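With PDB, C-alpha atoms, pLDDT in the B column inside, this is upload_6.pdb:
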```pdb
MODEL        1
ATOM      1  CA  MET A 211     143.302 145.457 169.108  1.00 55.00           C
ATOM      2  CA  GLU A 212     144.939 142.726 167.431  1.00 59.00           C
ATOM      3  CA  PRO A 213     143.129 139.700 166.253  1.00 58.00           C
ATOM      4  CA  THR A 214     143.628 136.738 168.431  1.00 63.00           C
ATOM      5  CA  THR A 215     143.471 134.367 165.554  1.00 60.00           C
ATOM      6  CA  THR A 216     145.073 134.749 162.259  1.00 58.00           C
ATOM      7  CA  PRO A 217     142.848 134.548 159.236  1.00 57.00           C
ATOM      8  CA  GLU A 218     143.133 131.353 157.426  1.00 58.00           C
ATOM      9  CA  THR A 219     144.749 131.613 154.113  1.00 55.00           C
ATOM     10  CA  VAL A 220     143.345 129.900 151.086  1.00 54.00           C
ATOM     11  CA  SER A 221     145.684 127.245 150.112  1.00 55.00           C
ATOM     12  CA  GLU A 222     145.966 125.776 146.665  1.00 57.00           C
ATOM     13  CA  PRO A 223     144.801 122.212 146.347  1.00 55.00           C
ATOM     14  CA  PRO A 224     147.323 119.686 145.249  1.00 57.00           C
ATOM     15  CA  ASP A 225     147.901 119.442 141.524  1.00 57.00           C
ATOM     16  CA  GLY A 226     145.007 117.925 139.536  1.00 52.00           C
ATOM     17  CA  ASP A 227     142.298 118.039 142.222  1.00 56.00           C
ATOM     18  CA  ASP A 228     140.415 121.033 140.759  1.00 59.00           C
ATOM     19  CA  GLU A 229     140.335 119.807 137.153  1.00 65.00           C
ATOM     20  CA  VAL A 230     137.428 117.887 135.616  1.00 65.00           C
ATOM     21  CA  GLU A 231     138.463 114.406 134.943  1.00 68.00           C
ATOM     22  CA  PRO A 232     138.659 113.835 131.153  1.00 68.00           C
ATOM     23  CA  ARG A 233     136.291 111.231 129.720  1.00 68.00           C
ATOM     24  CA  PRO A 234     137.683 108.503 127.555  1.00 81.00           C
ATOM     25  CA  LEU A 235     137.440 109.298 123.844  1.00 82.00           C
ATOM     26  CA  GLY A 236     135.594 106.040 123.165  1.00 82.00           C
ATOM     27  CA  ILE A 237     132.612 107.071 125.318  1.00 84.00           C
ATOM     28  CA  LEU A 238     132.316 110.385 123.424  1.00 84.00           C
ATOM     29  CA  ILE A 239     132.387 108.619 120.066  1.00 89.00           C
ATOM     30  CA  VAL A 240     129.724 106.116 121.152  1.00 89.00           C
ATOM     31  CA  ALA A 241     127.527 108.951 122.481  1.00 89.00           C
ATOM     32  CA  ALA A 242     127.889 110.837 119.177  1.00 90.00           C
ATOM     33  CA  ILE A 243     126.991 107.723 117.162  1.00 93.00           C
ATOM     34  CA  VAL A 244     123.932 107.047 119.326  1.00 93.00           C
ATOM     35  CA  ALA A 245     122.820 110.694 119.000  1.00 93.00           C
ATOM     36  CA  LEU A 246     123.212 110.550 115.202  1.00 93.00           C
ATOM     37  CA  ALA A 247     121.310 107.250 115.011  1.00 93.00           C
ATOM     38  CA  VAL A 248     118.437 108.577 117.130  1.00 93.00           C
ATOM     39  CA  GLY A 249     118.318 111.788 115.078  1.00 92.00           C
ATOM     40  CA  GLY A 250     118.413 109.831 111.817  1.00 91.00           C
ATOM     41  CA  LEU A 251     115.610 107.499 112.910  1.00 92.00           C
ATOM     42  CA  ALA A 252     113.487 110.440 114.065  1.00 91.00           C
ATOM     43  CA  GLY A 253     114.066 112.220 110.750  1.00 90.00           C
ATOM     44  CA  PHE A 254     113.205 109.068 108.823  1.00 90.00           C
ATOM     45  CA  ALA A 255     109.996 108.547 110.806  1.00 89.00           C
ATOM     46  CA  ILE A 256     108.908 112.158 110.341  1.00 91.00           C
ATOM     47  CA  GLY A 257     109.721 112.077 106.621  1.00 88.00           C
ATOM     48  CA  PHE A 258     107.853 108.792 106.213  1.00 86.00           C
ATOM     49  CA  LYS A 259     104.704 110.241 107.820  1.00 86.00           C
ATOM     50  CA  VAL A 260     104.927 113.415 105.739  1.00 87.00           C
ATOM     51  CA  GLU A 261     105.258 111.352 102.550  1.00 86.00           C
ATOM     52  CA  GLN A 262     102.303 109.144 103.545  1.00 84.00           C
ATOM     53  CA  ASN A 263     100.131 112.215 104.009  1.00 83.00           C
ATOM     54  CA  ARG A 264     101.336 113.711 100.723  1.00 80.00           C
ATOM     55  CA  VAL A 265     100.509 110.526  98.819  1.00 77.00           C
ATOM     56  CA  LYS A 266      97.063 110.258 100.464  1.00 75.00           C
ATOM     57  CA  SER A 267      96.381 113.898  99.617  1.00 69.00           C
ATOM     58  CA  SER A 268      97.598 113.407  96.050  1.00 66.00           C
ATOM     59  CA  ASN A 269      95.482 110.268  95.597  1.00 65.00           C
ATOM     60  CA  SER A 270      92.320 111.907  96.913  1.00 65.00           C
ATOM     61  CA  LYS A 271      92.870 114.916  94.618  1.00 61.00           C
ATOM     62  CA  SER A 272      93.498 112.564  91.702  1.00 60.00           C
ATOM     63  CA  ALA A 273      90.327 110.576  92.434  1.00 58.00           C
ATOM     64  CA  SER A 274      88.193 113.703  92.690  1.00 58.00           C
ATOM     65  CA  THR A 275      89.732 115.057  89.476  1.00 57.00           C
ATOM     66  CA  LYS A 276      88.984 111.785  87.685  1.00 56.00           C
ATOM     67  CA  ALA A 277      85.406 111.802  88.915  1.00 55.00           C
ATOM     68  CA  ALA A 278      84.959 115.336  87.569  1.00 55.00           C
ATOM     69  CA  GLN A 279      86.354 114.499  84.124  1.00 53.00           C
ATOM     70  CA  PRO A 280      84.181 113.246  81.298  1.00 54.00           C
ATOM     71  CA  ALA A 281      84.367 109.495  80.705  1.00 48.00           C
ATOM     72  CA  ALA A 282      86.285 109.873  77.437  1.00 45.00           C
ATOM     73  CA  ARG A 283      89.070 111.733  79.242  1.00 48.00           C
ATOM     74  CA  ARG A 284      89.457 109.054  81.900  1.00 50.00           C
ATOM     75  CA  GLY A 285      90.954 106.684  79.361  1.00 57.00           C
ATOM     76  CA  GLN A 286      87.807 104.845  78.334  1.00 69.00           C
ATOM     77  CA  PRO A 287      88.766 102.365  75.617  1.00 75.00           C
ATOM     78  CA  ALA A 288      87.791 103.286  72.078  1.00 76.00           C
ATOM     79  CA  GLY A 289      88.744 101.769  68.753  1.00 78.00           C
ATOM     80  CA  THR A 290      87.849  99.564  65.834  1.00 81.00           C
ATOM     81  CA  VAL A 291      86.466  96.087  66.532  1.00 85.00           C
ATOM     82  CA  THR A 292      88.912  93.421  65.318  1.00 90.00           C
ATOM     83  CA  ALA A 293      87.447  90.262  66.939  1.00 91.00           C
ATOM     84  CA  VAL A 294      84.254  89.194  68.711  1.00 90.00           C
ATOM     85  CA  THR A 295      83.523  86.234  71.009  1.00 90.00           C
ATOM     86  CA  PRO A 296      80.485  85.598  73.222  1.00 89.00           C
ATOM     87  CA  THR A 297      82.435  86.914  76.248  1.00 88.00           C
ATOM     88  CA  SER A 298      84.708  89.611  74.776  1.00 88.00           C
ATOM     89  CA  VAL A 299      85.373  92.122  72.042  1.00 87.00           C
ATOM     90  CA  THR A 300      88.868  93.007  70.854  1.00 88.00           C
ATOM     91  CA  ILE A 301      89.477  96.522  69.586  1.00 85.00           C
ATOM     92  CA  LYS A 302      92.452  98.244  67.982  1.00 84.00           C
ATOM     93  CA  ASN A 303      92.924 101.720  69.469  1.00 79.00           C
ATOM     94  CA  ALA A 304      94.203 104.857  67.739  1.00 78.00           C
ATOM     95  CA  LYS A 305      97.790 103.905  68.639  1.00 85.00           C
ATOM     96  CA  GLY A 306      97.393 100.521  66.925  1.00 87.00           C
ATOM     97  CA  LYS A 307      97.326  98.452  70.120  1.00 88.00           C
ATOM     98  CA  ASN A 308      94.774  95.689  70.647  1.00 89.00           C
ATOM     99  CA  ARG A 309      92.655  95.745  73.772  1.00 86.00           C
ATOM    100  CA  VAL A 310      90.283  93.053  75.001  1.00 88.00           C
ATOM    101  CA  ILE A 311      86.951  94.306  76.331  1.00 85.00           C
ATOM    102  CA  ASN A 312      85.213  91.737  78.555  1.00 89.00           C
ATOM    103  CA  LEU A 313      81.447  91.297  78.260  1.00 84.00           C
ATOM    104  CA  SER A 314      79.037  90.036  80.914  1.00 85.00           C
ATOM    105  CA  SER A 315      75.316  89.441  81.175  1.00 86.00           C
ATOM    106  CA  THR A 316      74.970  92.950  82.681  1.00 83.00           C
ATOM    107  CA  THR A 317      76.868  94.760  79.887  1.00 80.00           C
ATOM    108  CA  VAL A 318      74.565  97.244  78.147  1.00 76.00           C
ATOM    109  CA  ILE A 319      75.143  97.472  74.399  1.00 77.00           C
ATOM    110  CA  ASP A 320      73.588 100.402  72.528  1.00 73.00           C
ATOM    111  CA  LYS A 321      73.622 100.981  68.816  1.00 75.00           C
ATOM    112  CA  ALA A 322      73.725 104.419  67.260  1.00 74.00           C
ATOM    113  CA  SER A 323      72.148 105.306  63.952  1.00 78.00           C
ATOM    114  CA  SER A 324      72.569 108.330  61.725  1.00 81.00           C
ATOM    115  CA  GLY A 325      70.920 111.452  63.015  1.00 83.00           C
ATOM    116  CA  THR A 326      70.232 115.060  62.098  1.00 84.00           C
ATOM    117  CA  ALA A 327      70.368 118.413  63.865  1.00 84.00           C
ATOM    118  CA  THR A 328      66.761 117.827  64.981  1.00 86.00           C
ATOM    119  CA  ASP A 329      68.055 115.042  67.262  1.00 82.00           C
ATOM    120  CA  LEU A 330      69.944 117.677  69.282  1.00 80.00           C
ATOM    121  CA  VAL A 331      67.257 118.565  71.803  1.00 82.00           C
ATOM    122  CA  GLN A 332      67.467 120.074  75.250  1.00 82.00           C
ATOM    123  CA  GLY A 333      68.229 117.373  77.820  1.00 78.00           C
ATOM    124  CA  ALA A 334      69.953 115.041  75.333  1.00 79.00           C
ATOM    125  CA  THR A 335      73.407 113.714  76.265  1.00 78.00           C
ATOM    126  CA  ILE A 336      75.998 113.988  73.537  1.00 80.00           C
ATOM    127  CA  LEU A 337      79.644 113.160  72.884  1.00 80.00           C
ATOM    128  CA  VAL A 338      81.467 115.677  70.710  1.00 78.00           C
ATOM    129  CA  ASP A 339      84.641 115.329  68.661  1.00 79.00           C
ATOM    130  CA  GLY A 340      86.238 118.333  67.011  1.00 78.00           C
ATOM    131  CA  LYS A 341      88.507 121.286  67.727  1.00 82.00           C
ATOM    132  CA  ALA A 342      88.401 124.213  70.102  1.00 81.00           C
ATOM    133  CA  ALA A 343      87.556 127.501  68.419  1.00 77.00           C
ATOM    134  CA  ALA A 344      87.780 131.120  69.549  1.00 83.00           C
ATOM    135  CA  ASP A 345      84.004 131.282  69.935  1.00 82.00           C
ATOM    136  CA  GLY A 346      83.452 127.770  71.335  1.00 80.00           C
ATOM    137  CA  PHE A 347      84.077 124.381  69.751  1.00 82.00           C
ATOM    138  CA  ASP A 348      83.915 123.325  66.089  1.00 78.00           C
ATOM    139  CA  ALA A 349      82.255 119.896  66.007  1.00 78.00           C
ATOM    140  CA  ALA A 350      83.425 117.311  63.504  1.00 80.00           C
ATOM    141  CA  GLU A 351      81.140 114.595  64.879  1.00 80.00           C
ATOM    142  CA  ILE A 352      78.390 114.464  67.501  1.00 79.00           C
ATOM    143  CA  ILE A 353      77.002 111.261  68.971  1.00 81.00           C
ATOM    144  CA  VAL A 354      73.594 111.550  70.608  1.00 81.00           C
ATOM    145  CA  LEU A 355      73.518 108.998  73.416  1.00 79.00           C
ATOM    146  CA  PRO A 356      70.405 107.001  74.255  1.00 78.00           C
ATOM    147  CA  ALA A 357      68.393 108.081  77.273  1.00 75.00           C
ATOM    148  CA  GLY A 358      69.717 106.480  80.459  1.00 73.00           C
ATOM    149  CA  SER A 359      73.227 105.961  79.045  1.00 72.00           C
ATOM    150  CA  LYS A 360      75.941 105.524  81.700  1.00 69.00           C
ATOM    151  CA  PHE A 361      77.958 108.192  79.869  1.00 66.00           C
ATOM    152  CA  ALA A 362      75.362 110.799  80.820  1.00 56.00           C
ATOM    153  CA  ALA A 363      76.646 110.929  84.419  1.00 53.00           C
ATOM    154  CA  ALA A 364      80.248 111.431  83.287  1.00 47.00           C
ATOM    155  CA  GLY A 365      80.036 114.733  81.477  1.00 44.00           C
TER     156      GLY A 365
ENDMDL
END
```

Target format structure tokens, applied to this file:
Amino acid sequence: MEPTTTPETVSEPPDGDDEVEPRPLGILIVAAIVALAVGGLAGFAIGFKVEQNRVKSSNSKSASTKAAQPAARRGQPAGTVTAVTPTSVTIKNAKGKNRVINLSSTTVIDKASSGTATDLVQGATILVDGKAAADGFDAAEIIVLPAGSKFAAAG
């Protein structure tokens, strides 16, 4: 038996019909620029947030470290009095720089007097100057602070 119809043959489409139409180069360049801009802005925003969190974390660590340090290590002014007024005292620090210390009606002023080893009693608050030693600390000077001194909470 012979087929009554002949199978259709696949014919080739005319030239150019099966190809994807090329896009203009300008559209590709604009798309690339937009993609880079969006990526850059996203990277900037992410980096900005990361840096904000790092700075907050660093500041909170710094604040807690400062709170844990004795007052003398937090940069409390110390020096020799060079001038006095009713509202301020000027001191010269160890580096030779003058610093004005403002006074108010709430400023507590204590005066130390010479003491002996018998003044070093349990519960007393002291400031110590000296050098670290293998078995502790070799004191050159000890200041016994008055009871209720604000320095007591610092160390």

Computed interatomic separation between CA of Gly333 (chain A) and CA of Gly289 (chain A) (Å)
27.3 Å

Name the residues captured by the PyMOL selection byres ((chain A and resi 295) around 12) when it is applied to the shown file; answer as a PyMOL selection string.
chain A and resi 291-294+296-301+310-314

Go ahead and compute the interatomic distance for CA of Asn303 (chain A) and CA of Ser324 (chain A), in Å to one decimal.
22.8 Å

CA of Gly257 (chain A) and CA of Ala242 (chain A), how far apart in Å?
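One can read the CA of Ala242 (chain A) to CA of Gly257 (chain A) distance as 22.1 Å.
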
Please enumerate the residues selected by the PyMOL selection byres ((chain A and resi 351) around 6) when evaluated against the supplied file, formatted as a ChimeraX atom specification.
/A:338-339,349-350,352

Counting only C-alpha atoms, which residue out of A:Arg309, A:Thr316, A:Val354, A:Asp348 sits closest to Val331 (chain A)?
A:Val354

Completion step: region 308-319 of chain A with all heavy atoms as a CSV table (one decimal), in the frame of the given file:
```csv
chain,number,residue,atom,x,y,z
A,308,ASN,N,96.0,96.5,70.4
A,308,ASN,CA,94.8,95.7,70.6
A,308,ASN,C,94.4,95.7,72.1
A,308,ASN,O,95.3,95.6,73.0
A,308,ASN,CB,94.9,94.2,70.2
A,308,ASN,CG,95.0,94.1,68.7
A,308,ASN,OD1,94.3,94.9,68.0
A,308,ASN,ND2,95.7,93.2,68.2
A,309,ARG,N,93.1,95.8,72.4
A,309,ARG,CA,92.7,95.7,73.8
A,309,ARG,C,91.4,94.9,73.8
A,309,ARG,O,90.5,95.0,73.0
A,309,ARG,CB,92.3,97.2,74.2
A,309,ARG,CG,91.8,97.3,75.6
A,309,ARG,CD,92.5,98.4,76.3
A,309,ARG,NE,92.2,98.3,77.7
A,309,ARG,CZ,92.0,99.4,78.5
A,309,ARG,NH1,92.1,100.6,77.9
A,309,ARG,NH2,91.7,99.3,79.7
A,310,VAL,N,91.4,94.0,74.8
A,310,VAL,CA,90.3,93.1,75.0
A,310,VAL,C,89.3,93.7,76.0
A,310,VAL,O,89.6,94.1,77.0
A,310,VAL,CB,90.7,91.7,75.5
A,310,VAL,CG1,89.6,90.8,75.8
A,310,VAL,CG2,91.7,91.0,74.6
A,311,ILE,N,88.0,93.8,75.5
A,311,ILE,CA,87.0,94.3,76.3
A,311,ILE,C,86.1,93.1,76.7
A,311,ILE,O,85.5,92.4,75.9
A,311,ILE,CB,86.1,95.3,75.5
A,311,ILE,CG1,87.0,96.4,74.8
A,311,ILE,CG2,85.0,95.9,76.4
A,311,ILE,CD1,87.8,97.2,75.7
A,312,ASN,N,86.0,92.9,78.1
A,312,ASN,CA,85.2,91.7,78.6
A,312,ASN,C,83.7,92.1,78.6
A,312,ASN,O,83.4,93.2,79.0
A,312,ASN,CB,85.7,91.3,80.0
A,312,ASN,CG,87.1,90.9,79.9
A,312,ASN,OD1,87.5,90.1,79.1
A,312,ASN,ND2,87.9,91.4,80.9
A,313,LEU,N,82.9,91.1,78.2
A,313,LEU,CA,81.4,91.3,78.3
A,313,LEU,C,80.9,90.4,79.4
A,313,LEU,O,81.4,89.4,79.6
A,313,LEU,CB,80.8,90.9,76.9
A,313,LEU,CG,81.4,91.6,75.7
A,313,LEU,CD1,80.8,91.0,74.4
A,313,LEU,CD2,81.2,93.1,75.7
A,314,SER,N,79.7,90.9,79.9
A,314,SER,CA,79.0,90.0,80.9
A,314,SER,C,77.5,90.1,80.6
A,314,SER,O,77.1,90.9,79.7
A,314,SER,CB,79.3,90.5,82.3
A,314,SER,OG,78.7,91.8,82.5
A,315,SER,N,76.8,89.4,81.4
A,315,SER,CA,75.3,89.4,81.2
A,315,SER,C,74.7,90.8,81.6
A,315,SER,O,73.6,91.1,81.1
A,315,SER,CB,74.6,88.3,82.0
A,315,SER,OG,74.9,88.5,83.4
A,316,THR,N,75.5,91.6,82.3
A,316,THR,CA,75.0,93.0,82.7
A,316,THR,C,75.5,94.1,81.8
A,316,THR,O,75.1,95.2,82.0
A,316,THR,CB,75.4,93.3,84.1
A,316,THR,OG1,76.8,93.2,84.3
A,316,THR,CG2,74.7,92.3,85.1
A,317,THR,N,76.3,93.7,80.8
A,317,THR,CA,76.9,94.8,79.9
A,317,THR,C,75.7,95.3,79.0
A,317,THR,O,75.0,94.5,78.4
A,317,THR,CB,78.0,94.2,79.0
A,317,THR,OG1,79.0,93.7,79.8
A,317,THR,CG2,78.6,95.2,78.1
A,318,VAL,N,75.6,96.6,79.0
A,318,VAL,CA,74.6,97.2,78.1
A,318,VAL,C,75.2,97.6,76.8
A,318,VAL,O,76.3,98.2,76.8
A,318,VAL,CB,74.0,98.5,78.8
A,318,VAL,CG1,73.0,99.2,77.9
A,318,VAL,CG2,73.4,98.2,80.1
A,319,ILE,N,74.6,97.2,75.7
A,319,ILE,CA,75.1,97.5,74.4
A,319,ILE,C,74.1,98.3,73.7
A,319,ILE,O,73.0,97.8,73.5
A,319,ILE,CB,75.5,96.2,73.6
A,319,ILE,CG1,76.5,95.4,74.4
A,319,ILE,CG2,76.0,96.5,72.2
A,319,ILE,CD1,76.9,94.0,73.8
```
